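Containing mmCIF, C-alpha atoms: run34.cif.
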```cif
data_run
loop_
_atom_site.label_atom_id
_atom_site.label_comp_id
_atom_site.auth_asym_id
_atom_site.auth_seq_id
_atom_site.Cartn_x
_atom_site.Cartn_y
_atom_site.Cartn_z
CA MET A 200 -5.28 -2.70 -20.86
CA ALA A 201 -4.30 -5.84 -18.96
CA LEU A 202 -0.77 -5.34 -20.27
CA ALA A 203 -0.86 -1.73 -19.07
CA VAL A 204 -1.95 -2.93 -15.63
CA ARG A 205 1.07 -5.26 -15.48
CA GLN A 206 3.28 -2.30 -16.34
CA ALA A 207 1.71 -0.22 -13.56
CA ARG A 208 2.43 -2.91 -10.99
CA ARG A 209 6.15 -2.45 -11.66
CA GLY A 210 5.89 0.90 -9.90
CA GLU A 211 3.83 -0.15 -6.88
CA GLY A 212 5.46 0.96 -3.63
CA ARG A 213 7.90 3.24 -5.47
CA THR A 214 5.94 6.21 -6.81
CA ARG A 215 4.66 8.08 -3.75
CA PRO A 216 3.07 10.57 -3.57
CA ASN A 217 2.08 9.72 -7.16
CA PRO A 218 0.04 6.65 -8.12
CA PRO A 219 1.43 3.67 -10.06
CA VAL A 220 0.44 3.97 -13.73
CA GLY A 221 1.09 1.81 -16.79
CA ALA A 222 0.77 2.58 -20.49
CA VAL A 223 0.96 0.66 -23.78
CA ILE A 224 1.10 2.08 -27.32
CA VAL A 225 -0.29 -0.15 -30.09
CA ARG A 226 -1.00 -0.09 -33.80
CA GLY A 227 -3.51 -2.75 -34.74
CA ASP A 228 -2.33 -5.95 -33.07
CA GLN A 229 1.27 -4.76 -32.72
CA VAL A 230 2.58 -3.46 -29.41
CA LEU A 231 4.91 -0.56 -30.21
CA ALA A 232 6.00 0.42 -26.69
CA ARG A 233 5.30 -0.08 -23.00
CA GLY A 234 5.83 2.38 -20.18
CA PHE A 235 5.28 2.88 -16.46
CA HIS A 236 5.82 5.54 -13.82
CA ALA A 237 8.91 4.47 -11.89
CA ARG A 238 9.15 7.19 -9.21
CA ALA A 239 8.03 10.72 -8.40
CA GLY A 240 9.78 13.19 -10.70
CA ALA A 241 10.40 10.59 -13.40
CA ASP A 242 8.46 10.43 -16.67
CA HIS A 243 4.82 9.50 -16.32
CA ALA A 244 3.83 6.22 -17.93
CA GLU A 245 2.48 7.82 -21.11
CA VAL A 246 5.64 9.86 -21.70
CA ASP A 247 7.85 6.88 -20.85
CA ALA A 248 6.12 4.88 -23.60
CA LEU A 249 6.13 7.78 -26.08
CA ARG A 250 9.88 8.28 -25.71
CA LYS A 251 10.44 4.64 -26.63
CA VAL A 252 8.31 4.76 -29.79
CA GLY A 253 9.28 8.17 -31.17
CA ARG A 254 7.68 9.22 -34.45
CA ARG A 255 5.93 5.87 -34.86
CA ALA A 256 3.38 7.06 -32.30
CA ARG A 257 1.56 9.15 -34.92
CA GLY A 258 -1.79 7.56 -35.68
CA ALA A 259 -1.35 4.88 -32.98
CA GLU A 260 -3.48 4.08 -29.92
CA LEU A 261 -2.52 4.61 -26.30
CA TYR A 262 -3.84 2.42 -23.48
CA VAL A 263 -3.26 3.88 -20.00
CA THR A 264 -4.50 2.77 -16.57
CA LEU A 265 -5.12 6.34 -15.32
CA GLU A 266 -6.49 9.44 -17.02
CA PRO A 267 -3.54 11.46 -18.40
CA CYS A 268 -2.74 14.55 -16.36
CA ALA A 269 -3.61 18.00 -17.69
CA HIS A 270 -1.71 20.11 -15.17
CA GLN A 271 1.90 21.13 -14.60
CA GLY A 272 3.50 19.27 -11.71
CA ARG A 273 7.06 18.00 -11.38
CA THR A 274 6.67 17.08 -15.05
CA PRO A 275 4.72 18.78 -17.89
CA PRO A 276 1.10 17.75 -18.67
CA CYS A 277 0.88 14.34 -20.33
CA VAL A 278 -2.02 15.44 -22.54
CA ASP A 279 0.31 17.88 -24.30
CA ALA A 280 2.83 15.14 -25.04
CA ILE A 281 0.07 12.83 -26.31
CA CYS A 282 -1.30 15.48 -28.68
CA ARG A 283 2.16 16.44 -29.99
CA ALA A 284 2.93 12.78 -30.67
CA GLY A 285 -0.15 12.44 -32.88
CA ILE A 286 -1.86 9.67 -30.91
CA ARG A 287 -5.30 9.24 -32.50
CA ARG A 288 -7.08 7.28 -29.74
CA VAL A 289 -6.61 7.05 -25.99
CA VAL A 290 -8.17 4.22 -23.96
CA ILE A 291 -8.33 4.93 -20.21
CA GLY A 292 -8.89 2.52 -17.34
CA ALA A 293 -9.78 4.90 -14.48
CA LEU A 294 -10.44 8.63 -14.19
CA ASP A 295 -8.28 10.70 -11.86
CA PRO A 296 -9.72 10.38 -8.31
CA ASN A 297 -8.41 13.83 -7.37
CA PRO A 298 -11.52 16.08 -7.35
CA ARG A 299 -9.40 18.99 -8.58
CA THR A 300 -8.35 17.23 -11.76
CA ASP A 301 -10.99 14.54 -12.39
CA GLY A 302 -12.05 14.63 -16.05
CA GLN A 303 -9.77 17.47 -17.18
CA GLY A 304 -7.40 15.16 -19.04
CA VAL A 305 -10.27 13.58 -20.98
CA ALA A 306 -11.73 17.01 -21.81
CA ARG A 307 -8.39 18.38 -23.07
CA LEU A 308 -7.80 15.35 -25.28
CA ARG A 309 -11.25 15.51 -26.83
CA GLN A 310 -10.89 19.24 -27.44
CA ALA A 311 -7.71 18.44 -29.37
CA GLY A 312 -9.62 15.96 -31.56
CA VAL A 313 -8.29 12.80 -29.92
CA GLU A 314 -10.78 9.95 -29.58
CA VAL A 315 -11.12 8.93 -25.92
CA VAL A 316 -12.60 5.75 -24.44
CA THR A 317 -12.92 5.38 -20.66
CA GLY A 318 -13.77 2.63 -18.17
CA VAL A 319 -11.85 -0.28 -19.71
CA LEU A 320 -10.93 -2.73 -16.90
CA ALA A 321 -12.09 0.09 -14.64
CA GLU A 322 -12.33 -1.98 -11.45
CA VAL A 323 -8.81 -3.33 -11.75
CA CYS A 324 -7.37 0.06 -12.65
CA THR A 325 -9.26 1.76 -9.82
CA ARG A 326 -7.82 -0.73 -7.29
CA LEU A 327 -4.35 0.35 -8.43
CA LEU A 328 -5.29 3.82 -7.17
CA ASP A 329 -6.45 2.79 -3.68
CA GLY A 330 -3.60 4.54 -1.90
CA PHE A 331 -3.52 7.64 -4.10
CA ALA A 332 -7.29 8.08 -3.93
CA CYS A 333 -7.28 7.73 -0.14
CA LEU A 334 -4.51 10.31 0.21
CA VAL A 335 -6.04 12.97 -2.07
CA ARG A 336 -9.56 12.51 -0.70
CA HIS A 337 -8.92 11.94 3.00
CA GLY A 338 -5.33 13.05 3.63
CA ARG A 339 -4.28 9.63 4.91
CA PRO A 340 -2.84 6.40 3.49
CA PHE A 341 -4.88 3.35 2.53
CA VAL A 342 -4.69 0.88 5.44
CA VAL A 343 -4.21 -2.85 4.86
CA LEU A 344 -4.43 -5.04 7.96
CA LYS A 345 -2.69 -8.40 7.62
CA LEU A 346 -3.34 -11.16 10.13
CA ALA A 347 -2.14 -14.76 10.24
CA ALA A 348 -3.90 -17.08 12.66
CA THR A 349 -4.64 -20.71 13.38
CA LEU A 350 -8.04 -22.31 12.84
CA ASP A 351 -8.98 -21.34 16.38
CA GLY A 352 -7.97 -17.71 15.80
CA ARG A 353 -4.65 -17.67 17.66
CA ILE A 354 -1.48 -15.80 16.69
CA ALA A 355 0.71 -17.22 19.45
CA THR A 356 0.68 -20.01 22.02
CA ARG A 357 0.19 -19.48 25.76
CA THR A 358 4.01 -19.04 26.01
CA GLY A 359 4.03 -16.38 23.28
CA HIS A 360 5.62 -18.62 20.66
CA SER A 361 4.45 -17.73 17.13
CA ARG A 362 6.93 -18.96 14.51
CA TRP A 363 5.67 -20.09 12.15
CA ILE A 364 1.87 -20.04 11.92
CA THR A 365 1.60 -20.06 8.14
CA GLY A 366 3.63 -21.87 5.50
CA GLU A 367 6.37 -20.64 3.20
CA ALA A 368 4.00 -19.68 0.36
CA ALA A 369 1.96 -17.40 2.62
CA ARG A 370 5.08 -15.80 4.05
CA ARG A 371 6.37 -15.11 0.55
CA HIS A 372 3.02 -13.51 -0.29
CA VAL A 373 3.48 -11.16 2.68
CA HIS A 374 6.89 -10.12 1.41
CA ILE A 375 5.31 -9.24 -1.94
CA LEU A 376 2.84 -7.07 0.00
CA ARG A 377 5.73 -5.38 1.80
CA ASP A 378 7.34 -4.64 -1.56
CA ARG A 379 4.14 -2.94 -2.79
CA CYS A 380 3.27 -0.92 0.33
CA ASP A 381 4.95 2.34 1.32
CA ALA A 382 5.02 1.62 5.05
CA ILE A 383 4.69 -1.31 7.44
CA LEU A 384 3.46 -0.92 11.02
CA VAL A 385 3.63 -3.00 14.20
CA GLY A 386 3.20 -2.34 17.88
CA SER A 387 6.01 -2.30 20.43
CA GLY A 388 4.76 -5.61 21.85
CA THR A 389 5.50 -7.36 18.57
CA VAL A 390 8.94 -5.73 18.45
CA THR A 391 9.74 -6.92 21.99
CA ALA A 392 8.37 -10.44 21.53
CA ASP A 393 9.55 -11.27 18.00
CA ASP A 394 12.26 -8.68 17.16
CA PRO A 395 11.19 -8.58 13.47
CA ALA A 396 13.28 -6.77 10.86
CA LEU A 397 10.17 -5.97 8.76
CA THR A 398 12.25 -5.97 5.60
CA CYS A 399 11.26 -7.28 2.17
CA ARG A 400 13.07 -10.50 1.35
CA ILE A 401 12.24 -11.18 -2.29
CA PRO A 402 14.59 -10.63 -5.25
CA ARG A 403 14.72 -6.92 -6.21
CA GLY A 404 12.23 -6.18 -3.45
CA ARG A 405 12.03 -2.79 -1.75
CA ASP A 406 11.84 -2.25 2.00
CA PRO A 407 8.85 -0.22 3.19
CA LEU A 408 9.16 2.52 5.79
CA ARG A 409 9.09 0.76 9.17
CA VAL A 410 6.69 2.28 11.69
CA VAL A 411 6.46 1.29 15.36
CA LEU A 412 3.50 2.28 17.51
CA SER A 413 4.67 2.67 21.10
CA ALA A 414 3.11 4.82 23.82
CA SER A 415 5.93 4.22 26.33
CA LEU A 416 8.94 3.52 24.05
CA SER A 417 9.62 0.41 26.12
CA PHE A 418 11.16 -1.69 23.34
CA PRO A 419 14.97 -1.99 22.92
CA ALA A 420 16.78 0.65 20.89
CA ASP A 421 18.85 -2.09 19.28
CA ALA A 422 15.80 -3.93 17.93
CA GLN A 423 16.11 -5.04 14.31
CA VAL A 424 13.29 -2.77 13.23
CA VAL A 425 15.53 0.15 14.22
CA THR A 426 18.92 -1.19 13.16
CA ALA A 427 18.01 -2.84 9.83
CA GLY A 428 18.90 0.30 7.86
CA GLY A 429 17.06 3.31 6.49
CA VAL A 430 14.72 3.44 3.51
CA ASP A 431 15.40 5.83 0.63
CA GLY A 432 17.99 7.69 2.69
CA GLY A 433 15.53 8.32 5.53
CA PRO A 434 15.50 7.21 9.19
CA THR A 435 15.92 3.56 10.10
CA ALA A 436 12.40 3.57 11.53
CA LEU A 437 9.59 5.96 12.38
CA VAL A 438 8.47 5.57 16.00
CA ALA A 439 5.09 7.06 16.87
CA THR A 440 4.62 7.78 20.56
CA THR A 441 2.73 10.03 22.96
CA ARG A 442 3.77 13.33 24.50
CA ARG A 443 4.27 11.59 27.85
CA ALA A 444 6.87 9.10 26.63
CA PRO A 445 10.23 9.29 28.47
CA ALA A 446 12.62 11.76 26.83
CA ALA A 447 15.61 9.50 27.55
CA ARG A 448 14.02 6.61 25.66
CA ALA A 449 13.27 8.89 22.72
CA GLU A 450 16.87 10.11 22.61
CA ALA A 451 18.18 6.53 22.70
CA LEU A 452 16.05 5.62 19.69
CA ARG A 453 17.12 8.75 17.84
CA GLY A 454 20.71 7.87 18.58
CA ALA A 455 20.14 4.49 16.95
CA GLY A 456 18.88 6.18 13.79
CA ALA A 457 15.11 6.23 14.32
CA GLU A 458 12.83 9.23 14.01
CA VAL A 459 10.52 9.71 16.98
CA ILE A 460 7.30 11.68 16.60
CA ARG A 461 5.00 12.60 19.47
CA LEU A 462 1.31 12.49 18.62
CA LYS A 463 -2.04 12.97 20.32
CA SER A 464 -3.07 10.22 22.71
CA SER A 465 -6.30 8.67 23.95
CA ALA A 466 -6.52 6.37 26.97
CA GLY A 467 -2.72 6.31 27.07
CA ARG A 468 -2.37 5.17 23.46
CA VAL A 469 -1.34 6.94 20.30
CA GLN A 470 -4.40 8.17 18.44
CA ILE A 471 -4.57 6.29 15.15
CA PRO A 472 -6.13 9.19 13.19
CA SER A 473 -3.26 11.42 14.33
CA LEU A 474 -0.75 8.81 13.15
CA LEU A 475 -2.44 8.35 9.77
CA GLU A 476 -2.54 12.10 9.27
CA ALA A 477 1.20 12.29 9.97
CA LEU A 478 1.88 9.51 7.45
CA GLY A 479 -0.32 11.24 4.88
CA GLN A 480 1.68 14.43 5.28
CA ARG A 481 4.75 12.42 4.29
CA GLY A 482 3.05 11.28 1.08
CA ILE A 483 2.62 7.69 2.28
CA LEU A 484 0.01 6.07 0.03
CA SER A 485 -0.39 2.71 1.76
CA VAL A 486 0.46 1.19 5.14
CA LEU A 487 0.54 -2.51 5.92
CA VAL A 488 -0.42 -3.17 9.54
CA GLU A 489 1.12 -6.46 10.67
CA GLY A 490 0.37 -6.64 14.36
CA GLY A 491 -0.03 -7.54 17.08
CA SER A 492 -3.46 -8.28 18.48
CA GLU A 493 -3.80 -5.01 20.43
CA VAL A 494 -2.81 -2.93 17.40
CA ALA A 495 -5.22 -4.90 15.22
CA ALA A 496 -8.01 -4.14 17.70
CA GLN A 497 -7.12 -0.45 17.73
CA PHE A 498 -7.37 -0.17 13.97
CA LEU A 499 -10.50 -2.31 13.66
CA ASP A 500 -12.40 -0.76 16.58
CA GLY A 501 -11.68 2.72 15.26
CA GLY A 502 -12.80 1.90 11.73
CA HIS A 503 -9.35 2.62 10.31
CA VAL A 504 -8.95 -0.51 8.15
CA ASP A 505 -9.71 -0.33 4.43
CA ARG A 506 -8.65 -3.85 3.42
CA LEU A 507 -8.21 -6.98 5.51
CA LEU A 508 -5.96 -9.88 4.55
CA TRP A 509 -6.45 -12.80 6.96
CA PHE A 510 -4.36 -15.94 6.51
CA VAL A 511 -5.78 -19.03 8.21
CA ALA A 512 -3.41 -21.93 8.86
CA PRO A 513 -4.75 -25.50 9.27
CA LYS A 514 -3.53 -25.71 12.87
CA ILE A 515 -5.17 -25.70 16.29
CA VAL A 516 -3.37 -24.22 19.30
CA GLY A 517 -6.04 -24.38 22.00
CA GLY A 518 -5.90 -22.97 25.48
CA ALA A 519 -7.61 -19.94 26.96
CA GLN A 520 -4.26 -18.21 27.48
CA ALA A 521 -3.16 -18.43 23.83
CA VAL A 522 -2.97 -15.02 22.12
CA PRO A 523 -6.05 -14.12 20.02
CA ALA A 524 -5.66 -12.53 16.60
CA VAL A 525 -7.70 -9.51 17.67
CA ALA A 526 -7.72 -8.30 21.28
CA GLY A 527 -9.96 -5.68 22.87
CA ARG A 528 -13.43 -6.12 24.30
CA GLY A 529 -15.06 -7.19 21.07
CA VAL A 530 -18.70 -6.63 20.13
CA ALA A 531 -21.62 -7.51 22.37
CA ARG A 532 -23.96 -8.78 19.66
CA MET A 533 -23.26 -10.86 16.57
CA SER A 534 -25.17 -8.30 14.51
CA ASP A 535 -22.42 -5.80 15.38
CA ALA A 536 -19.61 -8.01 14.09
CA LEU A 537 -17.54 -6.57 11.24
CA ALA A 538 -18.41 -8.14 7.89
CA LEU A 539 -16.06 -8.22 4.92
CA LYS A 540 -17.20 -6.89 1.56
CA ASP A 541 -15.96 -7.85 -1.90
CA LEU A 542 -14.58 -11.01 -0.30
CA VAL A 543 -12.18 -13.25 -2.19
CA VAL A 544 -11.01 -16.54 -0.65
CA ARG A 545 -8.10 -18.40 -2.15
CA ARG A 546 -5.54 -20.99 -1.20
CA VAL A 547 -1.93 -19.89 -0.70
CA GLY A 548 0.15 -23.01 -0.31
CA ARG A 549 -1.36 -24.99 2.56
CA ASP A 550 -3.13 -21.93 4.01
CA LEU A 551 -6.29 -20.01 3.16
CA LEU A 552 -6.37 -16.26 2.52
CA PHE A 553 -9.51 -14.22 3.17
CA ASP A 554 -9.16 -10.93 1.27
CA GLY A 555 -11.91 -8.33 1.71
CA ARG A 556 -12.83 -4.71 2.29
CA LEU A 557 -14.25 -3.04 5.39
#
```
Full structure transcribed into structure tokens:
Amino acid sequence: MALAVRQARRGEGRTRPNPPVGAVIVRGDQVLARGFHARAGADHAEVDALRKVGRRARGAELYVTLEPCAHQGRTPPCVDAICRAGIRRVVIGALDPNPRTDGQGVARLRQAGVEVVTGVLAEVCTRLLDGFACLVRHGRPFVVLKLAATLDGRIATRTGHSRWITGEAARRHVHILRDRCDAILVGSGTVTADDPALTCRIPRGRDPLRVVLSASLSFPADAQVVTAGGVDGGPTALVATTRRAPAARAEALRGAGAEVIRLKSSAGRVQIPSLLEALGQRGILSVLVEGGSEVAAQFLDGGHVDRLLWFVAPKIVGGAQAVPAVAGRGVARMSDALALKDLVVRRVGRDLLFDGRL
């Protein structure tokens, strides 16, 4: 199953609106074939592996990270292909989180006389489905907030200078995250101050959809986030704004290749639930929120963060005017502070990474 998980990771960030899935076919100690779901419309992982092994699949075992589908979608049901191939035993990591299909694949296989085992490396396999599960259950993508701050919690000096807080290893880790997420989001303040491209700069990496949150559309239309090129033939960037944003600014951004969407607002800002709903309607499974401090506060205060990745660099900036990692009013009592669950702390180069759930 661990090998199947590694296969599934090959599809992360590339399969939306489907989940990444991996499969391995074995006979005894011999691995006969490996497969993964590469993109929506392509073979599912089980079928990908079955095509590679052919008739040798009869009597073999199939390990798959997600319960095989039992319904007709863009591709035929995987349970039918498994039964036709003569697989005698199917080992499943996680059941389908979609309430409409949960358990149907297992039931169909057992009815056909196939031995089925479930729950192998279940926690790992379930984590692979974070985005898919969030979309089918809540209609929105899984939100990952990434922050990088100094020991005293600063993301920029009093002059606004911020490059670089963390070391090269941490920055590479972030590019791996960009490769695995469907979308990346920043506020217009970050675009104006840093002019980031928000692209993925690792070998064979894939650029996520770039999303800018901007109530007034005050950032330049020639910013790199707009001009760095489209993703999968789509717009160069998706700009989420309010209904009161200047029409001329919206037209300038559209002329540069961006898509501008007007959403509900609250206190002059784009409503985050409205934005997440719009992303969910596009089949976005996961969004990586990279800043800045006001955007981080919006997501945290509204309870819209599912996973937090906080890099801490061994540096001290000091000064009351330095930019904090999270803006906003903050809580009044320590008992109201947000606490991470399932926390993992590890070293990434010279920096520390706090990885937890909210």
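For the set A:Ala368, A:Leu484, A:Leu412, A:Met533, the residue with the smallest atom-to-atom gap to A:Thr389 is A:Leu412, counting all atoms listed in the file.
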Checklist outcome for this item: Among A:His372, A:Arg461, A:His270, A:Arg208, A:Ala237 is approached most closely, using only C-alpha atoms, by A:Arg208
Next on the checklist: Suppose a student applies the PyMOL selection byres ((chain A and resi 496-498) around 12) to this structure; what residues should they get, written as a PyMOL selection string?
Outcome noted: chain A and resi 342-346+384-386+412+465-466+468-472+474-475+486-495+499-507+523-530+537+557
Write the residues of the preceding selection, restricted to C-alpha atoms, as a short mmCIF file (atom, residue, chain, number, x, y, z; two decimals), in the coordinates of the input.
```cif
data_model
loop_
_atom_site.label_atom_id
_atom_site.label_comp_id
_atom_site.auth_asym_id
_atom_site.auth_seq_id
_atom_site.Cartn_x
_atom_site.Cartn_y
_atom_site.Cartn_z
CA VAL A 342 -4.69 0.88 5.44
CA VAL A 343 -4.21 -2.85 4.86
CA LEU A 344 -4.43 -5.04 7.96
CA LYS A 345 -2.69 -8.40 7.62
CA LEU A 346 -3.34 -11.16 10.13
CA LEU A 384 3.46 -0.92 11.02
CA VAL A 385 3.63 -3.00 14.20
CA GLY A 386 3.20 -2.34 17.88
CA LEU A 412 3.50 2.28 17.51
CA SER A 465 -6.30 8.67 23.95
CA ALA A 466 -6.52 6.37 26.97
CA ARG A 468 -2.37 5.17 23.46
CA VAL A 469 -1.34 6.94 20.30
CA GLN A 470 -4.40 8.17 18.44
CA ILE A 471 -4.57 6.29 15.15
CA PRO A 472 -6.13 9.19 13.19
CA LEU A 474 -0.75 8.81 13.15
CA LEU A 475 -2.44 8.35 9.77
CA VAL A 486 0.46 1.19 5.14
CA LEU A 487 0.54 -2.51 5.92
CA VAL A 488 -0.42 -3.17 9.54
CA GLU A 489 1.12 -6.46 10.67
CA GLY A 490 0.37 -6.64 14.36
CA GLY A 491 -0.03 -7.54 17.08
CA SER A 492 -3.46 -8.28 18.48
CA GLU A 493 -3.80 -5.01 20.43
CA VAL A 494 -2.81 -2.93 17.40
CA ALA A 495 -5.22 -4.90 15.22
CA LEU A 499 -10.50 -2.31 13.66
CA ASP A 500 -12.40 -0.76 16.58
CA GLY A 501 -11.68 2.72 15.26
CA GLY A 502 -12.80 1.90 11.73
CA HIS A 503 -9.35 2.62 10.31
CA VAL A 504 -8.95 -0.51 8.15
CA ASP A 505 -9.71 -0.33 4.43
CA ARG A 506 -8.65 -3.85 3.42
CA LEU A 507 -8.21 -6.98 5.51
CA PRO A 523 -6.05 -14.12 20.02
CA ALA A 524 -5.66 -12.53 16.60
CA VAL A 525 -7.70 -9.51 17.67
CA ALA A 526 -7.72 -8.30 21.28
CA GLY A 527 -9.96 -5.68 22.87
CA ARG A 528 -13.43 -6.12 24.30
CA GLY A 529 -15.06 -7.19 21.07
CA VAL A 530 -18.70 -6.63 20.13
CA LEU A 537 -17.54 -6.57 11.24
CA LEU A 557 -14.25 -3.04 5.39
#
```
Item to check | atom CA of A:Val543 to atom CA of A:Arg326, distance in Å rounded to a single decimal | outcome: 14.2 Å
Checklist outcome for this item: Computed gap from atom CA of A:Asp378 to atom CA of A:Thr274 is 25.6 Å
Checklist entry - Evaluating the PyMOL selection byres ((chain A and resi 365) around 10) on the displayed file yields which residues, as a list in words? => result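 What the PyMOL selection byres ((chain A and resi 365) around 10) grabs from the file is Ala347, Ala348, Thr349, Ser361, Arg362, Trp363, Ile364, Gly366, Glu367, Ala368, Ala369, Arg370, Phe510, Val511, Ala512, Pro513, Lys514, Val547, Gly548, Arg549, Asp550 and Leu551 of chain A.
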Next on the checklist: Here's the selection I'm unsure about, the PyMOL selection byres ((chain A and resi 479) around 12); applied to the file above, which residues does it give, as an MDAnalysis selection string?
Outcome noted: chainID A and resid 215:216 330:342 381:382 472:478 480:486
Item to check | Residues within 9 Å of A:Arg233, all atoms listed in the file, excluding chain neighbours under 4 positions, as a ChimeraX atom specification | outcome: /A:202-203,206,221-224,244-245,247-249,251-252
Just-selected residues, C-alpha atoms written as a PDB file, in the frame of the given file:
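Generated file (selection_32.pdb):
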```pdb
ATOM      1  CA  LEU A 202      -0.770  -5.340 -20.270  1.00  0.00           C
ATOM      2  CA  ALA A 203      -0.860  -1.730 -19.070  1.00  0.00           C
ATOM      3  CA  GLN A 206       3.280  -2.300 -16.340  1.00  0.00           C
ATOM      4  CA  GLY A 221       1.090   1.810 -16.790  1.00  0.00           C
ATOM      5  CA  ALA A 222       0.770   2.580 -20.490  1.00  0.00           C
ATOM      6  CA  VAL A 223       0.960   0.660 -23.780  1.00  0.00           C
ATOM      7  CA  ILE A 224       1.100   2.080 -27.320  1.00  0.00           C
ATOM      8  CA  ALA A 244       3.830   6.220 -17.930  1.00  0.00           C
ATOM      9  CA  GLU A 245       2.480   7.820 -21.110  1.00  0.00           C
ATOM     10  CA  ASP A 247       7.850   6.880 -20.850  1.00  0.00           C
ATOM     11  CA  ALA A 248       6.120   4.880 -23.600  1.00  0.00           C
ATOM     12  CA  LEU A 249       6.130   7.780 -26.080  1.00  0.00           C
ATOM     13  CA  LYS A 251      10.440   4.640 -26.630  1.00  0.00           C
ATOM     14  CA  VAL A 252       8.310   4.760 -29.790  1.00  0.00           C
TER      15      VAL A 252
END
```
Next on the checklist: I want to know what sits within 9 Å of A:Gln520, based on all atoms listed in the file, with residues of the same chain fewer than 6 positions away left out; could you give that as a list in words?
Outcome noted: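 My list of contacting residues is Thr356, Arg357 and Thr358 of chain A.
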I need the residues from that last selection saved to file as a short mmCIF file (atom, residue, chain, number, x, y, z; two decimals), in the frame of the given file (with C-alpha atoms), if you can.
```
data_model
loop_
_atom_site.label_atom_id
_atom_site.label_comp_id
_atom_site.auth_asym_id
_atom_site.auth_seq_id
_atom_site.Cartn_x
_atom_site.Cartn_y
_atom_site.Cartn_z
CA THR A 356 0.68 -20.01 22.02
CA ARG A 357 0.19 -19.48 25.76
CA THR A 358 4.01 -19.04 26.01
#
```
Next on the checklist: Between atom CA of A:Cys380 and atom CA of A:Gly212, what distance in Å does the model show, to one decimal?
Outcome noted: 4.9 Å
Checklist entry - What's the 8 Å shell around A:Gly456, counting all atoms listed in the file, without same-chain residues fewer than 6 positions away, as a PyMOL selection string? => result chain A and resi 425-426+434-436
Take the residues that were just selected and, keeping C-alpha atoms, output them as a PDB file, in the coordinates of the input.
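As a result, again27.pdb now contains:
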```pdb
ATOM      1  CA  VAL A 425      15.530   0.150  14.220  1.00  0.00           C
ATOM      2  CA  THR A 426      18.920  -1.190  13.160  1.00  0.00           C
ATOM      3  CA  PRO A 434      15.500   7.210   9.190  1.00  0.00           C
ATOM      4  CA  THR A 435      15.920   3.560  10.100  1.00  0.00           C
ATOM      5  CA  ALA A 436      12.400   3.570  11.530  1.00  0.00           C
TER       6      ALA A 436
END
```
Next on the checklist: Ranking A:Gly555, A:Ala420, A:Ala280, A:Arg209 by minimum distance to A:Arg403 and counting all atoms listed in the file, which one comes first?
Outcome noted: A:Arg209
